[in-house]
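Data block for data.txt (compact mmCIF, C-alpha atoms):
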```txt
# COMPACT_ATOMS: atom_id res chain seq x y z
CA MET B 1448 -25.82 -4.22 9.57
CA SER B 1449 -27.58 -7.56 10.04
CA VAL B 1450 -28.25 -8.75 13.59
CA SER B 1451 -26.86 -12.20 12.75
CA PHE B 1452 -23.47 -10.70 11.96
CA THR B 1453 -23.39 -8.28 14.89
CA ASN B 1454 -23.89 -11.14 17.32
CA SER B 1455 -21.55 -13.53 15.53
CA ALA B 1456 -17.97 -14.55 16.22
CA GLY B 1457 -17.14 -12.90 12.88
CA ALA B 1458 -17.65 -9.46 14.43
CA ARG B 1459 -15.07 -10.23 17.10
CA ASP B 1460 -12.70 -11.90 14.64
CA SER B 1461 -12.86 -8.86 12.37
CA LEU B 1462 -11.42 -6.70 15.14
CA ASN B 1463 -8.53 -9.13 15.58
CA PHE B 1464 -7.96 -9.10 11.84
CA VAL B 1465 -7.73 -5.31 11.77
CA LEU B 1466 -4.95 -5.54 14.35
CA GLU B 1467 -3.09 -8.12 12.24
CA TRP B 1468 -3.56 -5.90 9.18
CA SER B 1469 -2.06 -2.93 11.02
CA HIS B 1470 0.89 -5.04 12.19
CA ALA B 1471 1.59 -6.15 8.61
CA LEU B 1472 1.57 -2.54 7.41
CA SER B 1473 4.04 -1.73 10.17
CA GLY B 1474 6.40 -4.45 8.96
CA ASN B 1475 5.63 -6.80 11.86
CA ASN B 1476 3.65 -9.38 9.90
CA SER B 1477 3.41 -10.80 6.38
CA ILE B 1478 1.00 -8.99 4.07
CA SER B 1479 0.33 -12.22 2.18
CA LYS B 1480 -0.43 -13.96 5.47
CA VAL B 1481 -3.06 -11.44 6.55
CA VAL B 1482 -4.64 -11.47 3.08
CA ASP B 1483 -4.93 -15.23 3.40
CA GLN B 1484 -6.55 -14.71 6.82
CA LEU B 1485 -9.06 -12.35 5.20
CA ILE B 1486 -10.11 -15.09 2.78
CA GLN B 1487 -10.97 -17.34 5.69
CA LEU B 1488 -12.69 -14.58 7.65
CA ALA B 1489 -14.84 -13.32 4.75
CA PHE B 1490 -15.51 -16.81 3.31
CA ALA B 1491 -14.07 -15.62 -0.01
CA ASP B 1492 -12.41 -17.81 -2.63
CA ALA B 1493 -9.58 -15.42 -3.46
CA ALA B 1494 -8.19 -12.08 -2.36
CA ILE B 1495 -5.66 -9.74 -3.91
CA ILE B 1496 -4.05 -6.37 -3.29
CA VAL B 1497 -3.08 -4.61 -6.49
CA ARG B 1498 -1.47 -1.30 -7.43
CA THR B 1499 -2.52 0.23 -10.74
CA SER B 1500 -0.24 2.88 -12.20
CA LYS B 1501 -2.23 5.70 -13.81
CA LEU B 1502 0.63 7.01 -15.93
CA GLU B 1503 2.19 3.76 -17.12
CA LYS B 1504 -1.10 1.82 -17.21
CA ARG B 1505 0.70 -0.99 -15.39
CA ILE B 1506 -0.67 -3.45 -12.85
CA ASN B 1507 1.50 -4.69 -9.97
CA TYR B 1508 0.29 -7.38 -7.59
CA ILE B 1509 1.24 -6.73 -3.98
CA ALA B 1510 -0.37 -9.91 -2.66
CA ARG B 1511 -2.47 -12.71 -4.14
CA CYS B 1512 -4.04 -15.59 -2.21
CA CYS B 1513 -6.51 -18.24 -3.27
CA ARG B 1514 -8.31 -21.15 -1.59
CA GLN B 1515 -7.80 -23.29 -4.69
CA VAL B 1516 -3.99 -23.29 -4.46
CA GLY B 1517 -2.84 -26.85 -3.89
CA LYS B 1518 -6.01 -28.42 -5.31
CA ALA B 1519 -6.44 -27.86 -9.02
CA PHE B 1520 -3.27 -25.78 -9.54
CA PRO B 1521 -5.06 -22.73 -10.96
CA THR B 1522 -3.35 -19.56 -12.00
CA GLN B 1523 -3.55 -16.77 -9.48
CA PRO B 1524 -6.62 -14.51 -9.63
CA GLN B 1525 -6.45 -11.40 -11.78
CA THR B 1526 -7.68 -7.94 -10.83
CA GLN B 1527 -11.20 -6.99 -11.91
CA ALA B 1528 -11.13 -3.46 -10.44
CA ASP B 1529 -11.48 -1.65 -13.77
CA LEU B 1530 -14.42 -3.84 -14.72
CA VAL B 1531 -16.18 -3.29 -11.39
CA LEU B 1532 -15.58 0.46 -11.06
CA GLY B 1533 -15.84 1.38 -14.73
CA ASN B 1534 -15.83 5.16 -15.21
CA TRP B 1535 -15.49 5.67 -11.45
CA THR B 1536 -12.01 4.14 -11.30
CA ALA B 1537 -10.11 7.42 -10.91
CA THR B 1538 -12.56 9.02 -8.47
CA ALA B 1539 -13.59 6.14 -6.18
CA LYS B 1540 -13.31 7.04 -2.51
CA SER B 1541 -10.82 5.16 -0.33
CA GLY B 1542 -12.62 2.71 1.94
CA SER B 1543 -15.74 2.53 -0.23
CA ILE B 1544 -17.30 -0.78 -1.32
CA TRP B 1545 -17.87 -1.69 -4.97
CA LYS B 1546 -19.48 -4.93 -6.17
CA THR B 1547 -20.17 -6.50 -9.54
CA SER B 1548 -23.76 -7.07 -8.47
CA ASP B 1549 -24.20 -3.28 -8.31
CA SER B 1550 -23.08 -2.87 -11.91
CA LYS B 1551 -25.71 -1.98 -14.50
CA ASP B 1552 -24.14 -4.37 -17.00
CA ASP B 1553 -24.63 -7.90 -15.71
CA THR B 1554 -23.82 -9.58 -19.02
CA ALA B 1555 -20.02 -9.35 -18.99
CA PRO B 1556 -18.41 -12.56 -17.67
CA ILE B 1557 -15.89 -12.11 -14.88
CA SER B 1558 -12.94 -14.45 -15.17
CA LEU B 1559 -11.32 -15.51 -11.89
CA PHE B 1560 -8.72 -17.88 -13.30
CA PRO B 1561 -8.24 -17.18 -17.03
CA ARG B 1562 -6.75 -20.61 -17.82
CA SER B 1563 -9.14 -22.61 -15.67
CA LYS B 1564 -12.52 -24.06 -16.59
CA LEU B 1565 -14.32 -21.37 -14.62
CA ASP B 1566 -16.33 -19.07 -16.86
CA ALA B 1567 -17.58 -16.64 -14.23
CA ILE B 1568 -17.82 -16.06 -10.51
CA GLY B 1569 -20.61 -14.95 -8.25
CA GLU B 1570 -19.21 -11.70 -6.95
CA VAL B 1571 -16.16 -9.45 -6.91
CA VAL B 1572 -15.88 -6.89 -4.11
CA VAL B 1573 -13.41 -4.05 -4.61
CA VAL B 1574 -12.24 -1.69 -1.86
CA PRO B 1575 -10.03 1.23 -2.98
CA LEU B 1576 -7.34 1.51 -0.31
CA GLU B 1577 -5.54 4.59 -1.54
CA VAL B 1578 -6.12 6.92 -4.48
CA LYS B 1579 -3.07 8.95 -5.47
CA PRO B 1580 -2.31 11.09 -8.55
CA ASP B 1581 0.07 8.43 -9.90
CA HIS B 1582 -1.48 5.18 -8.65
CA ILE B 1583 -4.46 3.48 -7.02
CA ASP B 1584 -4.22 0.60 -4.54
CA TYR B 1585 -7.12 -1.86 -4.35
CA LEU B 1586 -8.17 -4.72 -2.11
CA GLU B 1587 -10.33 -7.28 -3.92
CA LEU B 1588 -12.28 -10.31 -2.74
CA HIS B 1589 -13.52 -12.86 -5.28
CA TYR B 1590 -16.41 -15.24 -4.63
CA LEU B 1591 -17.25 -18.23 -6.81
CA LYS B 1592 -20.83 -18.05 -5.53
CA LYS B 1593 -22.80 -15.01 -4.46
CA PRO B 1594 -21.81 -14.25 -0.85
CA ARG B 1595 -24.34 -14.15 1.95
CA GLU B 1596 -25.44 -10.86 3.45
CA TYR B 1597 -23.51 -11.20 6.70
CA GLU B 1598 -20.31 -11.97 4.79
CA LEU B 1599 -20.62 -8.62 3.02
CA ASP B 1600 -21.50 -6.97 6.34
CA LEU B 1601 -17.99 -7.89 7.48
CA LEU B 1602 -16.43 -5.88 4.66
CA GLU B 1603 -18.78 -2.96 5.25
CA LEU B 1604 -17.63 -2.95 8.86
CA MET B 1605 -13.91 -3.06 8.09
CA ALA B 1606 -13.44 -1.30 4.74
CA SER B 1607 -12.86 2.26 5.93
CA THR B 1608 -10.60 1.09 8.78
CA LEU B 1609 -8.49 -1.05 6.43
CA ALA B 1610 -8.10 1.87 4.03
CA SER B 1611 -7.19 4.24 6.87
CA ALA B 1612 -4.52 1.84 8.17
CA TRP B 1613 -3.19 1.46 4.61
CA THR B 1614 -2.61 5.21 4.29
CA ARG B 1615 -0.76 5.21 7.65
CA ARG B 1616 1.54 2.31 6.76
CA VAL B 1617 5.29 2.45 7.30
CA PRO B 1618 6.73 4.60 4.48
CA GLY B 1619 8.26 2.55 1.69
CA ILE B 1620 6.98 -0.86 2.82
CA ILE B 1621 4.83 -1.43 -0.28
CA SER B 1622 7.34 0.10 -2.69
CA ALA B 1623 10.04 -2.18 -1.26
CA ARG B 1624 7.82 -5.23 -1.77
CA LEU B 1625 7.13 -4.27 -5.39
CA GLU B 1626 10.80 -3.49 -6.00
CA GLN B 1627 11.78 -6.92 -4.67
CA GLY B 1628 9.50 -8.54 -7.21
CA ARG B 1629 10.80 -6.36 -10.05
CA ASN B 1630 14.43 -7.09 -9.15
CA GLN B 1631 13.75 -10.81 -9.08
CA ARG B 1632 12.14 -10.71 -12.54
CA LEU B 1633 14.98 -8.52 -13.84
CA ARG B 1634 17.61 -10.98 -12.60
CA MET B 1635 15.80 -13.82 -14.36
CA VAL B 1636 15.61 -11.87 -17.64
CA GLN B 1637 19.18 -10.59 -17.56
CA SER B 1638 20.80 -13.89 -16.70
CA GLU B 1639 21.40 -16.18 -19.68
CA GLN B 1640 21.95 -19.09 -17.34
CA PHE B 1641 19.53 -20.57 -14.86
CA VAL B 1642 20.40 -21.21 -11.22
CA PRO B 1643 18.01 -23.76 -9.63
CA ILE B 1644 15.68 -22.39 -6.96
CA LEU B 1645 16.98 -24.96 -4.45
CA ASP B 1646 20.63 -24.21 -5.20
CA PRO B 1647 22.70 -23.48 -2.04
CA GLN B 1648 22.93 -19.88 -3.28
CA ASN B 1649 19.19 -19.56 -2.61
CA PRO B 1650 18.79 -17.22 -5.63
CA ALA B 1651 15.13 -16.43 -4.85
CA GLU B 1652 16.03 -15.48 -1.26
CA LEU B 1653 13.53 -17.91 0.23
CA SER B 1654 13.03 -18.17 3.96
CA ARG B 1655 13.93 -21.47 5.67
CA SER B 1656 10.27 -22.53 5.70
CA GLU B 1657 9.76 -21.59 2.05
CA PHE B 1658 12.94 -23.45 1.06
CA ARG B 1659 11.73 -26.58 2.87
CA ILE B 1660 8.28 -26.41 1.27
CA CYS B 1661 9.86 -26.14 -2.19
CA ALA B 1662 11.99 -29.20 -1.44
CA MET B 1663 8.88 -31.14 -0.39
CA LEU B 1664 6.96 -30.06 -3.49
CA LYS B 1665 9.83 -31.24 -5.66
CA GLU B 1666 9.55 -34.64 -3.97
CA GLY B 1667 5.93 -34.84 -5.08
CA MET B 1668 4.22 -33.99 -1.78
CA THR B 1669 0.83 -32.28 -1.79
CA VAL B 1670 -0.08 -29.23 0.29
CA LYS B 1671 -1.98 -31.48 2.69
CA LYS B 1672 0.99 -33.84 3.12
CA ILE B 1673 3.38 -30.93 3.60
CA ALA B 1674 1.12 -29.43 6.26
CA GLN B 1675 0.98 -32.77 8.10
CA SER B 1676 4.74 -33.20 7.90
CA LEU B 1677 5.41 -29.69 9.24
CA SER B 1678 2.59 -29.88 11.82
CA VAL B 1679 0.91 -26.76 10.45
CA CYS B 1680 -2.45 -26.13 8.81
CA PRO B 1681 -2.78 -26.16 4.99
CA THR B 1682 -3.60 -22.44 5.10
CA THR B 1683 -0.11 -21.74 6.46
CA VAL B 1684 1.46 -23.73 3.63
CA ARG B 1685 -0.64 -21.85 1.06
CA SER B 1686 0.43 -18.54 2.58
CA HIS B 1687 4.07 -19.56 2.16
CA LEU B 1688 3.30 -20.61 -1.43
CA SER B 1689 1.95 -17.15 -2.23
CA SER B 1690 5.22 -15.66 -1.02
CA ILE B 1691 7.21 -18.25 -3.00
CA PHE B 1692 5.25 -17.43 -6.16
CA ALA B 1693 6.11 -13.74 -5.77
CA LYS B 1694 9.80 -14.40 -5.14
CA THR B 1695 10.19 -16.85 -8.04
CA SER B 1696 7.98 -14.89 -10.49
CA VAL B 1697 5.62 -17.78 -11.18
CA SER B 1698 1.83 -17.80 -11.17
CA ASN B 1699 0.94 -21.26 -9.90
CA GLN B 1700 2.25 -24.59 -8.64
CA VAL B 1701 2.60 -26.06 -12.12
CA GLU B 1702 5.05 -23.30 -13.08
CA LEU B 1703 6.81 -23.59 -9.72
CA LEU B 1704 7.26 -27.35 -10.13
CA HIS B 1705 8.66 -26.76 -13.60
CA GLN B 1706 11.25 -24.39 -12.14
CA LEU B 1707 12.04 -26.75 -9.26
CA ASN B 1708 12.70 -29.62 -11.64
CA ARG B 1709 14.64 -27.58 -14.16
CA LYS B 1710 18.36 -28.33 -14.36
CA ALA B 1711 21.03 -25.67 -14.28
CA ASP B 1712 22.02 -24.46 -17.75
CA ALA B 1713 25.64 -25.34 -16.97
CA GLU B 1714 26.17 -27.71 -14.05
CA ASP B 1715 29.81 -26.73 -13.68
CA ASP B 1716 29.48 -23.06 -14.57
CA PHE B 1717 26.63 -21.48 -12.61
CA VAL B 1718 25.98 -17.76 -12.67
CA ARG B 1719 27.25 -17.12 -9.17
CA SER B 1720 25.76 -14.33 -7.14
CA LYS B 1721 26.04 -13.42 -3.50
CA VAL B 1722 25.18 -16.42 -1.32
CA VAL B 1723 22.11 -15.81 0.87
CA ARG B 1724 21.19 -18.17 3.68
CA ALA B 1725 17.67 -19.56 3.81
CA GLY B 1726 16.30 -18.02 6.97
```
Please express the file's structure as structure tokens.
Amino acid sequence: MSVSFTNSAGARDSLNFVLEWSHALSGNNSISKVVDQLIQLAFADAAIIVRTSKLEKRINYIARCCRQVGKAFPTQPQTQADLVLGNWTATAKSGSIWKTSDSKDDTAPISLFPRSKLDAIGEVVVVPLEVKPDHIDYLELHYLKKPREYELDLLELMASTLASAWTRRVPGIISARLEQGRNQRLRMVQSEQFVPILDPQNPAELSRSEFRICAMLKEGMTVKKIAQSLSVCPTTVRSHLSSIFAKTSVSNQVELLHQLNRKADAEDDFVRSKVVRAG
């Protein structure tokens, strides 16, 4: 552990973050919000939590946050866990640290945003949170440039604690989050008619803040302008956007804007479902 980190404000902030992480896993805070906080704390460019199903070979994103949201409209970052861990994927210990820089093969490019102009990034750090017979949960941090030593010290300090808190989470909290996303995608596939996101029915079940942000985006406002209008920081707006992306099954702001500006398939004959208030 470097002396510069031990004596830094980051050491104290990391303890506060662990508390926020535990609150989120108890259902008292937003998981996406604390992941966004981790980006700021660890000076990363993106962070994700992903569940990989061993049997179905399926990847489910629990949370995805990125500094670039609201700037160049990139797609959300994709998991690189299999690439980083390689043959150790099924046996990696919970709370351990894995980095691309430790890999023997340094020639394979690591794509952060597949449809962006970025060819590779400086580092991907993977922390297995829970290894079960049927699935593995990972926390990943992506860096466009190679992180400094004290930034990695932060993860070394917190990794085992984050994994321990993950295993002690409120039963069903992660499964419920994944099920919500699956149900939303299923409703979109099954319905032959489209109900606008900002319809009074609130089909995506957005919170009041998320509903307002969508309305502002539709009016052409940027993340910075929205933050100023709501008297919040841009990070808060981006955290809400991550939640909106999950609820509307889109990957980025371009896709979200397309949905926001899309007209109902039948203005006088909507597919009516149970009305849910935004709040």
(request) Name the closest residue to Glu1603 (chain B) among the candidates B:His1470, B:His1582, B:Arg1624, B:Lys1546; distances are taken between atoms, counting only C-alpha atoms. (result) B:Lys1546
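Checking B:Ile1583, B:Leu1664, B:Leu1462, B:Val1531 one by one against Ile1496 (chain B), counting all atoms listed in the file, you find the shortest gap at B:Ile1583.
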(message) Could you check the closest approach to Ser1548 (chain B) for each of B:Phe1464, B:Tyr1597, B:Tyr1590, B:Phe1658 and tell me which residue wins, using all atoms listed in the file?
(response) B:Tyr1590
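Pairwise distance (CA of Ser1477 (chain B), CA of Arg1511 (chain B)) equals 12.2 Å.
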(request) Write out as a ChimeraX atom specification the residues lying within 8 Å of Val1617 (chain B), counting all atoms listed in the file and excluding same-chain residues fewer than 4 positions away. (result) /B:1472-1474
Write the residues of the preceding selection, restricted to C-alpha atoms, as an mmCIF file, in the coordinates of the input.
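So selection-v4.cif came out as:
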```cif
data_model
loop_
_atom_site.group_PDB
_atom_site.id
_atom_site.type_symbol
_atom_site.label_atom_id
_atom_site.label_comp_id
_atom_site.auth_asym_id
_atom_site.auth_seq_id
_atom_site.Cartn_x
_atom_site.Cartn_y
_atom_site.Cartn_z
ATOM 1 C CA LEU B 1472 1.570 -2.540 7.410
ATOM 2 C CA SER B 1473 4.040 -1.730 10.170
ATOM 3 C CA GLY B 1474 6.400 -4.450 8.960
#
```
(request) Would you list the contacts of Gly1667 (chain B) as a count of residues only, taking every protein, DNA or RNA residue within 12 Å and counting all atoms listed in the file, but skipping same-chain residues closer than 5 positions in sequence? (result) 11
(request) Tell me which of B:Pro1643, B:Ile1495, B:Ser1656, B:Ala1623 sits closest to Val1571 (chain B), counting all atoms listed in the file. (result)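 Of B:Pro1643, B:Ile1495, B:Ser1656, B:Ala1623, the one nearest Val1571 (chain B) is B:Ile1495, counting all atoms listed in the file.
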Please provide as a tab-separated table (two decimals) with C-alpha atoms, in the frame of the given file all residues within 10 Å of Gln1706 (chain B), with the sequence filter that same-chain residues fewer than 4 positions apart are discarded (counting only C-alpha atoms).
```tsv
chain	number	residue	atom	x	y	z
B	1641	PHE	CA	19.53	-20.57	-14.86
B	1642	VAL	CA	20.40	-21.21	-11.22
B	1643	PRO	CA	18.01	-23.76	-9.63
B	1644	ILE	CA	15.68	-22.39	-6.96
B	1645	LEU	CA	16.98	-24.96	-4.45
B	1665	LYS	CA	9.83	-31.24	-5.66
B	1695	THR	CA	10.19	-16.85	-8.04
B	1697	VAL	CA	5.62	-17.78	-11.18
B	1700	GLN	CA	2.25	-24.59	-8.64
B	1701	VAL	CA	2.60	-26.06	-12.12
B	1702	GLU	CA	5.05	-23.30	-13.08
B	1710	LYS	CA	18.36	-28.33	-14.36
```
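Distance check against Glu1587 (chain B) using only C-alpha atoms: of B:Pro1524, B:Gly1619, B:Gly1533, B:Pro1647, the minimum falls on B:Pro1524.
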